[in-house]
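So this one's coords_0.cif, mmCIF, N, CA and C atoms:
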data_entry
#
loop_
_atom_site.group_PDB
_atom_site.id
_atom_site.type_symbol
_atom_site.label_atom_id
_atom_site.label_comp_id
_atom_site.auth_asym_id
_atom_site.auth_seq_id
_atom_site.Cartn_x
_atom_site.Cartn_y
_atom_site.Cartn_z
ATOM 1 N N MET A 22 128.289 96.370 137.270
ATOM 2 C CA MET A 22 127.701 95.052 137.442
ATOM 3 C C MET A 22 128.791 94.006 137.262
ATOM 4 N N ASN A 23 128.884 93.076 138.181
ATOM 5 C CA ASN A 23 129.847 91.988 138.104
ATOM 6 C C ASN A 23 129.318 90.940 137.133
ATOM 7 N N THR A 24 130.138 90.503 136.190
ATOM 8 C CA THR A 24 129.719 89.506 135.212
ATOM 9 C C THR A 24 130.475 88.199 135.395
ATOM 10 N N GLU A 25 131.010 87.972 136.577
ATOM 11 C CA GLU A 25 131.844 86.806 136.800
ATOM 12 C C GLU A 25 131.052 85.612 137.312
ATOM 13 N N TRP A 26 130.587 84.783 136.415
ATOM 14 C CA TRP A 26 130.000 83.506 136.798
ATOM 15 C C TRP A 26 131.149 82.551 137.052
ATOM 16 N N ILE A 27 131.027 81.695 138.013
ATOM 17 C CA ILE A 27 132.088 80.770 138.374
ATOM 18 C C ILE A 27 131.759 79.401 137.803
ATOM 19 N N THR A 28 132.716 78.824 137.054
ATOM 20 C CA THR A 28 132.509 77.504 136.461
ATOM 21 C C THR A 28 133.669 76.558 136.742
ATOM 22 N N ASP A 29 134.747 77.067 137.322
ATOM 23 C CA ASP A 29 135.942 76.237 137.486
ATOM 24 C C ASP A 29 136.041 75.554 138.844
ATOM 25 N N ARG A 30 135.040 75.753 139.699
ATOM 26 C CA ARG A 30 135.009 75.070 140.994
ATOM 27 C C ARG A 30 133.571 75.031 141.499
ATOM 28 N N LEU A 31 133.329 74.130 142.434
ATOM 29 C CA LEU A 31 132.007 74.039 143.051
ATOM 30 C C LEU A 31 131.924 75.028 144.215
ATOM 31 N N PRO A 32 130.739 75.523 144.516
ATOM 32 C CA PRO A 32 130.602 76.445 145.652
ATOM 33 C C PRO A 32 130.793 75.710 146.983
ATOM 34 N N THR A 33 131.199 76.461 147.974
ATOM 35 C CA THR A 33 131.346 75.934 149.335
ATOM 36 C C THR A 33 130.341 76.634 150.242
ATOM 37 N N ALA A 34 130.271 76.191 151.480
ATOM 38 C CA ALA A 34 129.369 76.817 152.452
ATOM 39 C C ALA A 34 129.727 78.286 152.650
ATOM 40 N N GLU A 35 131.014 78.632 152.518
ATOM 41 C CA GLU A 35 131.442 80.024 152.679
ATOM 42 C C GLU A 35 130.949 80.911 151.530
ATOM 43 N N ASP A 36 130.699 80.327 150.351
ATOM 44 C CA ASP A 36 130.195 81.083 149.201
ATOM 45 C C ASP A 36 128.695 81.347 149.315
ATOM 46 N N ALA A 37 128.024 80.526 150.084
ATOM 47 C CA ALA A 37 126.559 80.554 150.136
ATOM 48 C C ALA A 37 126.041 81.505 151.210
ATOM 49 N N LEU A 38 124.838 81.962 151.014
ATOM 50 C CA LEU A 38 124.101 82.733 152.006
ATOM 51 C C LEU A 38 122.911 81.866 152.408
ATOM 52 N N GLU A 39 122.912 81.405 153.659
ATOM 53 C CA GLU A 39 121.893 80.462 154.124
ATOM 54 C C GLU A 39 121.805 79.248 153.199
ATOM 55 N N ASP A 40 122.971 78.693 152.841
ATOM 56 C CA ASP A 40 123.114 77.498 152.002
ATOM 57 C C ASP A 40 122.660 77.698 150.561
ATOM 58 N N THR A 41 122.512 78.947 150.096
ATOM 59 C CA THR A 41 121.976 79.219 148.763
ATOM 60 C C THR A 41 122.954 80.035 147.920
ATOM 61 N N VAL A 42 123.026 79.672 146.628
ATOM 62 C CA VAL A 42 123.796 80.431 145.637
ATOM 63 C C VAL A 42 122.911 80.630 144.416
ATOM 64 N N LEU A 43 123.334 81.505 143.515
ATOM 65 C CA LEU A 43 122.651 81.657 142.230
ATOM 66 C C LEU A 43 123.236 80.660 141.251
ATOM 67 N N VAL A 44 122.378 80.026 140.467
ATOM 68 C CA VAL A 44 122.799 79.071 139.446
ATOM 69 C C VAL A 44 122.176 79.485 138.123
ATOM 70 N N TRP A 45 122.959 79.425 137.032
ATOM 71 C CA TRP A 45 122.434 79.726 135.700
ATOM 72 C C TRP A 45 121.889 78.427 135.120
ATOM 73 N N ASN A 46 120.581 78.397 134.826
ATOM 74 C CA ASN A 46 119.943 77.158 134.351
ATOM 75 C C ASN A 46 119.806 77.105 132.834
ATOM 76 N N GLY A 47 120.440 78.005 132.128
ATOM 77 C CA GLY A 47 120.369 78.023 130.669
ATOM 78 C C GLY A 47 119.621 79.211 130.124
ATOM 79 N N SER A 48 118.701 79.765 130.928
ATOM 80 C CA SER A 48 117.951 80.928 130.470
ATOM 81 C C SER A 48 117.809 82.004 131.535
ATOM 82 N N GLU A 49 118.037 81.641 132.802
ATOM 83 C CA GLU A 49 117.900 82.618 133.877
ATOM 84 C C GLU A 49 118.668 82.156 135.111
ATOM 85 N N ALA A 50 118.877 83.099 136.013
ATOM 86 C CA ALA A 50 119.514 82.772 137.285
ATOM 87 C C ALA A 50 118.444 82.336 138.274
ATOM 88 N N ILE A 51 118.701 81.222 138.965
ATOM 89 C CA ILE A 51 117.767 80.724 139.968
ATOM 90 C C ILE A 51 118.527 80.486 141.276
ATOM 91 N N LEU A 52 117.802 80.477 142.362
ATOM 92 C CA LEU A 52 118.394 80.155 143.662
ATOM 93 C C LEU A 52 118.494 78.638 143.792
ATOM 94 N N TRP A 53 119.632 78.176 144.309
ATOM 95 C CA TRP A 53 119.860 76.743 144.432
ATOM 96 C C TRP A 53 120.742 76.491 145.639
ATOM 97 N N THR A 54 120.609 75.342 146.254
ATOM 98 C CA THR A 54 121.487 75.029 147.380
ATOM 99 C C THR A 54 122.901 74.794 146.860
ATOM 100 N N TYR A 55 123.869 75.296 147.594
ATOM 101 C CA TYR A 55 125.253 75.249 147.118
ATOM 102 C C TYR A 55 125.742 73.820 146.890
ATOM 103 N N ASP A 56 125.263 72.860 147.679
ATOM 104 C CA ASP A 56 125.740 71.484 147.519
ATOM 105 C C ASP A 56 125.011 70.724 146.406
ATOM 106 N N GLY A 57 124.063 71.370 145.728
ATOM 107 C CA GLY A 57 123.364 70.753 144.607
ATOM 108 C C GLY A 57 123.879 71.208 143.250
ATOM 109 N N VAL A 58 124.893 72.076 143.238
ATOM 110 C CA VAL A 58 125.458 72.583 141.980
ATOM 111 C C VAL A 58 126.332 71.498 141.362
ATOM 112 N N GLU A 59 126.180 71.280 140.057
ATOM 113 C CA GLU A 59 126.954 70.267 139.351
ATOM 114 C C GLU A 59 128.250 70.860 138.816
ATOM 115 N N LYS A 60 129.252 70.027 138.656
ATOM 116 C CA LYS A 60 130.559 70.449 138.140
ATOM 117 C C LYS A 60 130.386 71.112 136.770
ATOM 118 N N GLY A 61 130.968 72.296 136.597
ATOM 119 C CA GLY A 61 130.899 73.030 135.336
ATOM 120 C C GLY A 61 129.682 73.916 135.186
ATOM 121 N N GLN A 62 128.709 73.791 136.076
ATOM 122 C CA GLN A 62 127.496 74.613 136.006
ATOM 123 C C GLN A 62 127.815 76.027 136.503
ATOM 124 N N PRO A 63 127.460 77.065 135.745
ATOM 125 C CA PRO A 63 127.731 78.443 136.171
ATOM 126 C C PRO A 63 126.965 78.798 137.439
ATOM 127 N N TRP A 64 127.678 79.367 138.415
ATOM 128 C CA TRP A 64 127.057 79.770 139.670
ATOM 129 C C TRP A 64 127.740 81.029 140.163
ATOM 130 N N ALA A 65 127.080 81.703 141.125
ATOM 131 C CA ALA A 65 127.649 82.903 141.740
ATOM 132 C C ALA A 65 127.034 83.075 143.126
ATOM 133 N N PRO A 66 127.780 83.698 144.026
ATOM 134 C CA PRO A 66 127.188 84.020 145.328
ATOM 135 C C PRO A 66 125.997 84.960 145.119
ATOM 136 N N ILE A 67 124.933 84.799 145.899
ATOM 137 C CA ILE A 67 123.728 85.598 145.662
ATOM 138 C C ILE A 67 123.896 87.054 146.074
ATOM 139 N N HIS A 68 124.919 87.369 146.811
ATOM 140 C CA HIS A 68 125.108 88.756 147.224
ATOM 141 C C HIS A 68 125.781 89.606 146.145
ATOM 142 N N LYS A 69 126.124 89.020 144.998
ATOM 143 C CA LYS A 69 126.731 89.781 143.906
ATOM 144 C C LYS A 69 125.699 90.034 142.812
ATOM 145 N N LEU A 70 125.773 91.214 142.203
ATOM 146 C CA LEU A 70 124.950 91.492 141.030
ATOM 147 C C LEU A 70 125.668 90.928 139.829
ATOM 148 N N ILE A 71 124.963 90.169 139.013
ATOM 149 C CA ILE A 71 125.610 89.500 137.899
ATOM 150 C C ILE A 71 124.779 89.642 136.633
ATOM 151 N N ALA A 72 125.439 89.474 135.498
ATOM 152 C CA ALA A 72 124.779 89.490 134.196
ATOM 153 C C ALA A 72 124.486 88.056 133.774
ATOM 154 N N PRO A 73 123.609 87.843 132.807
ATOM 155 C CA PRO A 73 123.358 86.486 132.319
ATOM 156 C C PRO A 73 124.655 85.823 131.855
ATOM 157 N N TYR A 74 124.743 84.528 132.090
ATOM 158 C CA TYR A 74 125.931 83.772 131.694
ATOM 159 C C TYR A 74 125.992 83.675 130.174
ATOM 160 N N VAL A 75 127.142 83.973 129.622
ATOM 161 C CA VAL A 75 127.388 83.820 128.192
ATOM 162 C C VAL A 75 128.583 82.894 128.040
ATOM 163 N N LYS A 76 128.332 81.728 127.488
ATOM 164 C CA LYS A 76 129.406 80.760 127.317
ATOM 165 C C LYS A 76 130.422 81.315 126.328
ATOM 166 N N PRO A 77 131.713 81.266 126.662
ATOM 167 C CA PRO A 77 132.731 81.755 125.731
ATOM 168 C C PRO A 77 132.702 80.946 124.433
ATOM 169 N N LYS A 78 132.951 81.634 123.323
ATOM 170 C CA LYS A 78 132.970 80.953 122.038
ATOM 171 C C LYS A 78 134.297 80.236 121.861
ATOM 172 N N ARG A 79 134.200 78.993 121.434
ATOM 173 C CA ARG A 79 135.406 78.206 121.192
ATOM 174 C C ARG A 79 136.065 78.637 119.879
ATOM 175 N N TRP A 80 135.267 78.925 118.858
ATOM 176 C CA TRP A 80 135.772 79.228 117.521
ATOM 177 C C TRP A 80 135.564 80.697 117.185
ATOM 178 N N THR A 81 136.606 81.352 116.691
ATOM 179 C CA THR A 81 136.514 82.729 116.202
ATOM 180 C C THR A 81 137.242 82.829 114.865
ATOM 181 N N VAL A 82 137.071 83.978 114.194
ATOM 182 C CA VAL A 82 137.650 84.205 112.871
ATOM 183 C C VAL A 82 138.484 85.479 112.899
ATOM 184 N N GLU A 83 139.617 85.436 112.226
ATOM 185 C CA GLU A 83 140.459 86.625 112.058
ATOM 186 C C GLU A 83 140.920 86.719 110.610
ATOM 187 N N TRP A 84 141.185 87.943 110.173
ATOM 188 C CA TRP A 84 141.763 88.200 108.848
ATOM 189 C C TRP A 84 143.217 88.590 109.059
ATOM 190 N N ASN A 85 144.123 87.973 108.313
ATOM 191 C CA ASN A 85 145.541 88.280 108.440
ATOM 192 C C ASN A 85 146.149 88.398 107.055
ATOM 193 N N VAL A 86 146.380 89.597 106.597
ATOM 194 C CA VAL A 86 146.993 89.964 105.314
ATOM 195 C C VAL A 86 146.178 89.452 104.135
ATOM 196 N N ASP A 87 146.240 88.174 103.828
ATOM 197 C CA ASP A 87 145.509 87.641 102.681
ATOM 198 C C ASP A 87 144.886 86.277 102.978
ATOM 199 N N ILE A 88 144.582 86.045 104.246
ATOM 200 C CA ILE A 88 144.071 84.734 104.611
ATOM 201 C C ILE A 88 143.087 84.855 105.776
ATOM 202 N N TRP A 89 142.029 84.068 105.739
ATOM 203 C CA TRP A 89 141.097 83.966 106.860
ATOM 204 C C TRP A 89 141.598 82.873 107.781
ATOM 205 N N ILE A 90 141.549 83.108 109.074
ATOM 206 C CA ILE A 90 142.034 82.139 110.048
ATOM 207 C C ILE A 90 140.898 81.774 110.989
ATOM 208 N N LEU A 91 140.584 80.475 111.058
ATOM 209 C CA LEU A 91 139.642 79.952 112.046
ATOM 210 C C LEU A 91 140.460 79.540 113.264
ATOM 211 N N ILE A 92 140.106 80.073 114.427
ATOM 212 C CA ILE A 92 140.877 79.810 115.635
ATOM 213 C C ILE A 92 140.055 78.946 116.580
ATOM 214 N N ASP A 93 140.634 77.817 116.981
ATOM 215 C CA ASP A 93 140.029 76.924 117.966
ATOM 216 C C ASP A 93 140.681 77.247 119.305
ATOM 217 N N HIS A 94 139.978 78.008 120.149
ATOM 218 C CA HIS A 94 140.539 78.447 121.422
ATOM 219 C C HIS A 94 140.668 77.299 122.420
ATOM 220 N N ALA A 95 139.850 76.256 122.292
ATOM 221 C CA ALA A 95 139.915 75.126 123.217
ATOM 222 C C ALA A 95 141.206 74.342 123.026
ATOM 223 N N LEU A 96 141.587 74.112 121.782
ATOM 224 C CA LEU A 96 142.802 73.344 121.494
ATOM 225 C C LEU A 96 143.988 74.235 121.169
ATOM 226 N N GLU A 97 143.754 75.564 121.159
ATOM 227 C CA GLU A 97 144.795 76.545 120.840
ATOM 228 C C GLU A 97 145.457 76.224 119.498
ATOM 229 N N ARG A 98 144.601 76.052 118.480
ATOM 230 C CA ARG A 98 145.065 75.776 117.119
ATOM 231 C C ARG A 98 144.420 76.749 116.154
ATOM 232 N N SER A 99 145.067 76.952 115.016
ATOM 233 C CA SER A 99 144.527 77.815 113.964
ATOM 234 C C SER A 99 144.438 77.029 112.669
ATOM 235 N N TYR A 100 143.394 77.319 111.890
ATOM 236 C CA TYR A 100 143.195 76.686 110.602
ATOM 237 C C TYR A 100 143.048 77.796 109.562
ATOM 238 N N TRP A 101 143.876 77.773 108.541
ATOM 239 C CA TRP A 101 143.895 78.839 107.550
ATOM 240 C C TRP A 101 142.981 78.512 106.382
ATOM 241 N N CYS A 102 142.233 79.502 105.933
ATOM 242 C CA CYS A 102 141.388 79.400 104.741
ATOM 243 C C CYS A 102 141.806 80.526 103.813
ATOM 244 N N GLY A 103 142.509 80.207 102.752
ATOM 245 C CA GLY A 103 143.030 81.224 101.847
ATOM 246 C C GLY A 103 141.976 81.782 100.917
ATOM 247 N N LEU A 104 142.400 82.718 100.084
ATOM 248 C CA LEU A 104 141.482 83.354 99.136
ATOM 249 C C LEU A 104 140.916 82.352 98.144
ATOM 250 N N GLY A 105 141.683 81.302 97.847
ATOM 251 C CA GLY A 105 141.192 80.276 96.930
ATOM 252 C C GLY A 105 139.964 79.562 97.465
ATOM 253 N N GLU A 106 139.923 79.349 98.776
ATOM 254 C CA GLU A 106 138.792 78.646 99.377
ATOM 255 C C GLU A 106 137.586 79.557 99.586
ATOM 256 N N LEU A 107 137.820 80.777 100.091
ATOM 257 C CA LEU A 107 136.699 81.638 100.478
ATOM 258 C C LEU A 107 136.597 82.936 99.683
ATOM 259 N N GLY A 108 137.633 83.295 98.963
ATOM 260 C CA GLY A 108 137.620 84.549 98.218
ATOM 261 C C GLY A 108 137.931 85.737 99.114
ATOM 262 N N ARG A 109 138.209 86.885 98.515
ATOM 263 C CA ARG A 109 138.597 88.083 99.256
ATOM 264 C C ARG A 109 137.498 88.538 100.216
ATOM 265 N N ASN A 110 136.248 88.373 99.827
ATOM 266 C CA ASN A 110 135.129 88.779 100.674
ATOM 267 C C ASN A 110 134.537 87.588 101.426
ATOM 268 N N GLY A 111 135.373 86.645 101.782
ATOM 269 C CA GLY A 111 134.905 85.415 102.423
ATOM 270 C C GLY A 111 134.728 85.501 103.923
ATOM 271 N N GLY A 112 134.781 86.692 104.484
ATOM 272 C CA GLY A 112 134.637 86.836 105.921
ATOM 273 C C GLY A 112 133.312 86.312 106.434
ATOM 274 N N ASP A 113 132.238 86.556 105.683
ATOM 275 C CA ASP A 113 130.927 86.045 106.091
ATOM 276 C C ASP A 113 130.914 84.518 106.095
ATOM 277 N N ALA A 114 131.546 83.925 105.084
ATOM 278 C CA ALA A 114 131.614 82.466 105.022
ATOM 279 C C ALA A 114 132.463 81.923 106.168
ATOM 280 N N ALA A 115 133.586 82.557 106.439
ATOM 281 C CA ALA A 115 134.449 82.113 107.533
ATOM 282 C C ALA A 115 133.716 82.229 108.864
ATOM 283 N N GLN A 116 132.978 83.307 109.068
ATOM 284 C CA GLN A 116 132.232 83.477 110.315
ATOM 285 C C GLN A 116 131.139 82.432 110.430
ATOM 286 N N ARG A 117 130.482 82.110 109.319
ATOM 287 C CA ARG A 117 129.435 81.081 109.346
ATOM 288 C C ARG A 117 130.028 79.724 109.711
ATOM 289 N N ILE A 118 131.215 79.429 109.174
ATOM 290 C CA ILE A 118 131.899 78.174 109.529
ATOM 291 C C ILE A 118 132.175 78.143 111.026
ATOM 292 N N ALA A 119 132.695 79.253 111.567
ATOM 293 C CA ALA A 119 132.968 79.335 113.008
ATOM 294 C C ALA A 119 131.681 79.169 113.806
ATOM 295 N N ASP A 120 130.576 79.786 113.349
ATOM 296 C CA ASP A 120 129.292 79.667 114.046
ATOM 297 C C ASP A 120 128.804 78.220 114.065
ATOM 298 N N VAL A 121 128.944 77.524 112.926
ATOM 299 C CA VAL A 121 128.545 76.116 112.865
ATOM 300 C C VAL A 121 129.419 75.281 113.799
ATOM 301 N N PHE A 122 130.732 75.522 113.799
ATOM 302 C CA PHE A 122 131.628 74.792 114.709
ATOM 303 C C PHE A 122 131.238 75.054 116.160
ATOM 304 N N ASN A 123 130.911 76.313 116.502
ATOM 305 C CA ASN A 123 130.502 76.626 117.878
ATOM 306 C C ASN A 123 129.216 75.893 118.259
ATOM 307 N N GLU A 124 128.360 75.663 117.266
ATOM 308 C CA GLU A 124 127.098 74.979 117.530
ATOM 309 C C GLU A 124 127.286 73.472 117.710
ATOM 310 N N VAL A 125 128.116 72.866 116.868
ATOM 311 C CA VAL A 125 128.232 71.395 116.884
ATOM 312 C C VAL A 125 129.447 70.895 117.671
ATOM 313 N N MET A 126 130.421 71.757 117.930
ATOM 314 C CA MET A 126 131.618 71.362 118.687
ATOM 315 C C MET A 126 131.889 72.381 119.782
ATOM 316 N N PRO A 127 130.983 72.498 120.750
ATOM 317 C CA PRO A 127 131.160 73.529 121.780
ATOM 318 C C PRO A 127 132.349 73.259 122.699
#
If you convert what's in this file into C-alpha coordinates, what do you get?
Amino acid sequence: MNTEWITDRLPTAEDALEDTVLVWNGSEAILWTYDGVEKGQPWAPIHKLIAPYVKPKRWTVEWNVDIWILIDHALERSYWCGLGELGRNGGDAAQRIADVFNEVMP
(Lines of atoms letter the chains of each structure in order from A and count residues from 1; the text may use other names and numbers.)
(Lines give C-alpha, C1' and ligand atoms only; values in the text may rest on other atoms or scores of the structure.)
Protein backbone atom coordinates (compact mmCIF):
# COMPACT_ATOMS: atom_id res chain seq x y z
CA MET A 1 0.00 0.00 0.00
CA ASN A 2 1.35 3.42 -0.96
CA THR A 3 1.35 5.83 2.00
CA GLU A 4 2.56 8.89 0.12
CA TRP A 5 0.17 11.77 0.62
CA ILE A 6 1.35 14.86 -1.23
CA THR A 7 1.53 18.14 0.68
CA ASP A 8 4.38 20.05 -0.96
CA ARG A 9 2.55 21.01 -4.16
CA LEU A 10 -0.95 21.45 -5.53
CA PRO A 11 -2.38 18.82 -7.89
CA THR A 12 -2.51 19.46 -11.63
CA ALA A 13 -4.88 18.22 -14.32
CA GLU A 14 -2.33 15.47 -15.08
CA ASP A 15 -2.62 14.19 -11.47
CA ALA A 16 -6.40 14.01 -11.63
CA LEU A 17 -8.74 11.40 -13.06
CA GLU A 18 -11.72 13.21 -14.60
CA ASP A 19 -10.67 16.35 -12.65
CA THR A 20 -10.78 14.44 -9.32
CA VAL A 21 -8.17 13.60 -6.67
CA LEU A 22 -8.34 12.18 -3.15
CA VAL A 23 -8.12 14.75 -0.36
CA TRP A 24 -7.58 14.03 3.36
CA ASN A 25 -10.18 16.07 5.28
CA GLY A 26 -8.86 15.31 8.76
CA SER A 27 -10.60 11.99 9.33
CA GLU A 28 -11.02 10.32 5.94
CA ALA A 29 -10.14 10.48 2.27
CA ILE A 30 -12.75 12.16 0.07
CA LEU A 31 -13.01 12.84 -3.65
CA TRP A 32 -12.39 16.47 -4.56
CA THR A 33 -11.75 18.46 -7.71
CA TYR A 34 -8.04 18.97 -8.21
CA ASP A 35 -8.36 22.76 -8.55
CA GLY A 36 -10.19 23.02 -5.20
CA VAL A 37 -7.30 21.62 -3.12
CA GLU A 38 -5.76 24.18 -0.75
CA LYS A 39 -2.01 24.69 -0.29
CA GLY A 40 -0.63 22.23 2.28
CA GLN A 41 -3.74 20.02 2.25
CA PRO A 42 -2.83 16.31 1.89
CA TRP A 43 -3.94 14.88 -1.46
CA ALA A 44 -3.20 11.91 -3.72
CA PRO A 45 -4.17 10.73 -7.19
CA ILE A 46 -7.27 8.52 -6.88
CA HIS A 47 -5.67 5.68 -8.81
CA LYS A 48 -3.24 4.99 -5.93
CA LEU A 49 -4.04 2.97 -2.82
CA ILE A 50 -3.14 5.05 0.19
CA ALA A 51 -3.19 4.90 3.98
CA PRO A 52 -4.74 7.57 6.22
CA TYR A 53 -2.65 10.73 6.42
CA VAL A 54 -0.52 10.96 9.56
CA LYS A 55 1.02 14.35 10.13
CA PRO A 56 4.72 14.01 10.98
CA LYS A 57 5.55 14.85 14.58
CA ARG A 58 7.55 18.01 15.03
CA TRP A 59 8.84 17.08 18.51
CA THR A 60 10.48 13.78 19.51
CA VAL A 61 12.53 12.55 22.49
CA GLU A 62 15.85 10.72 22.63
CA TRP A 63 18.05 9.42 25.45
CA ASN A 64 21.78 10.07 25.09
CA VAL A 65 24.13 8.69 27.80
CA ASP A 66 22.80 10.69 30.76
CA ILE A 67 20.48 13.26 29.27
CA TRP A 68 17.02 13.45 27.70
CA ILE A 69 16.93 15.42 24.46
CA LEU A 70 13.81 17.11 23.07
CA ILE A 71 14.24 17.48 19.31
CA ASP A 72 12.41 20.15 17.31
CA HIS A 73 12.48 18.76 13.77
CA ALA A 74 10.89 21.90 12.26
CA LEU A 75 13.68 24.20 13.44
CA GLU A 76 16.33 21.44 13.56
CA ARG A 77 17.21 22.25 17.18
CA SER A 78 17.71 20.14 20.30
CA TYR A 79 16.91 20.99 23.90
CA TRP A 80 18.61 19.02 26.66
CA CYS A 81 16.87 17.98 29.89
CA GLY A 82 19.38 16.51 32.33
CA LEU A 83 18.85 14.12 35.21
CA GLY A 84 18.44 17.09 37.54
CA GLU A 85 15.33 18.23 35.69
CA LEU A 86 13.66 14.89 34.92
CA GLY A 87 15.55 12.21 36.83
CA ARG A 88 16.94 8.93 35.48
CA ASN A 89 13.45 7.58 34.76
CA GLY A 90 12.25 10.84 33.22
CA GLY A 91 11.54 9.39 29.79
CA ASP A 92 7.79 9.46 30.40
CA ALA A 93 8.00 13.10 31.45
CA ALA A 94 10.15 13.99 28.44
CA GLN A 95 7.71 12.23 26.10
CA ARG A 96 4.77 14.04 27.71
CA ILE A 97 6.55 17.37 27.15
CA ALA A 98 7.09 16.43 23.48
CA ASP A 99 3.41 15.40 23.19
CA VAL A 100 2.26 18.75 24.63
CA PHE A 101 4.60 20.64 22.26
CA ASN A 102 3.22 18.62 19.31
CA GLU A 103 -0.29 19.58 20.40
CA VAL A 104 0.26 23.32 20.94
CA MET A 105 3.14 24.00 18.50
CA PRO A 106 2.47 21.79 15.48
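Applied to the file shown here, the PyMOL selection byres ((chain A and resi 102) around 8) selects Asp87, Ile88, Trp89, Ile90, Leu91, Ser99, Tyr100, Trp101, Gly103, Leu104, Gly105, Glu106, Leu107, Gly108 and Ala115 of chain A.
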Legend entry - Residues matched by the PyMOL selection byres (((chain A and resi 45 and name CA) around 12) and name CA) as JSON, numbers by chain: {"A": [25, 26, 27, 28, 42, 43, 44, 46, 47, 48, 49, 50, 51, 52, 53, 58, 59, 61, 62, 63, 64, 65, 66, 67, 71, 72, 73, 74, 75, 76]}
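Relative to atom N of A:Gly112, atom C of A:Glu97 is found at 21.2 Å.
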Inset, instruction - Kindly indicate which residue among A:Thr33, A:Ala119, A:Leu38, A:Gly111 lies nearest to A:Arg79, using all atoms listed in the file for the distances. - result: A:Ala119
Legend entry - Selection result for the PyMOL selection byres (((chain A and resi 122 and name CA) around 10) and name CA) on this file, as a ChimeraX atom specification: /A:78-81,91,93,116-121,123-127
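Here the helix (DSSP H, G or I) residues in chain A, by DSSP on the backbone, are Tyr55, Asp56, Gly57, Leu104, Gly105, Glu106, Leu107, Gly112, Asp113, Ala114, Ala115, Gln116, Arg117, Ile118, Ala119, Asp120, Val121, Phe122, Asn123, Glu124 and Val125 of chain A.
For the pair atom CA of A:Ala34 and atom C of A:Thr54, the interatomic distance is 8.8 Å.
Atom pair atom CA of A:Trp84 / atom N of A:Leu96: separated by 19.1 Å.
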Inset, instruction - Based on DSSP run over this structure's backbone, return all residues of chain A in strand (DSSP E or B), as a PyMOL selection string. - result: chain A and resi 23+27+38+41-45+50-54+64-66+71+80-85+88-93+98-103
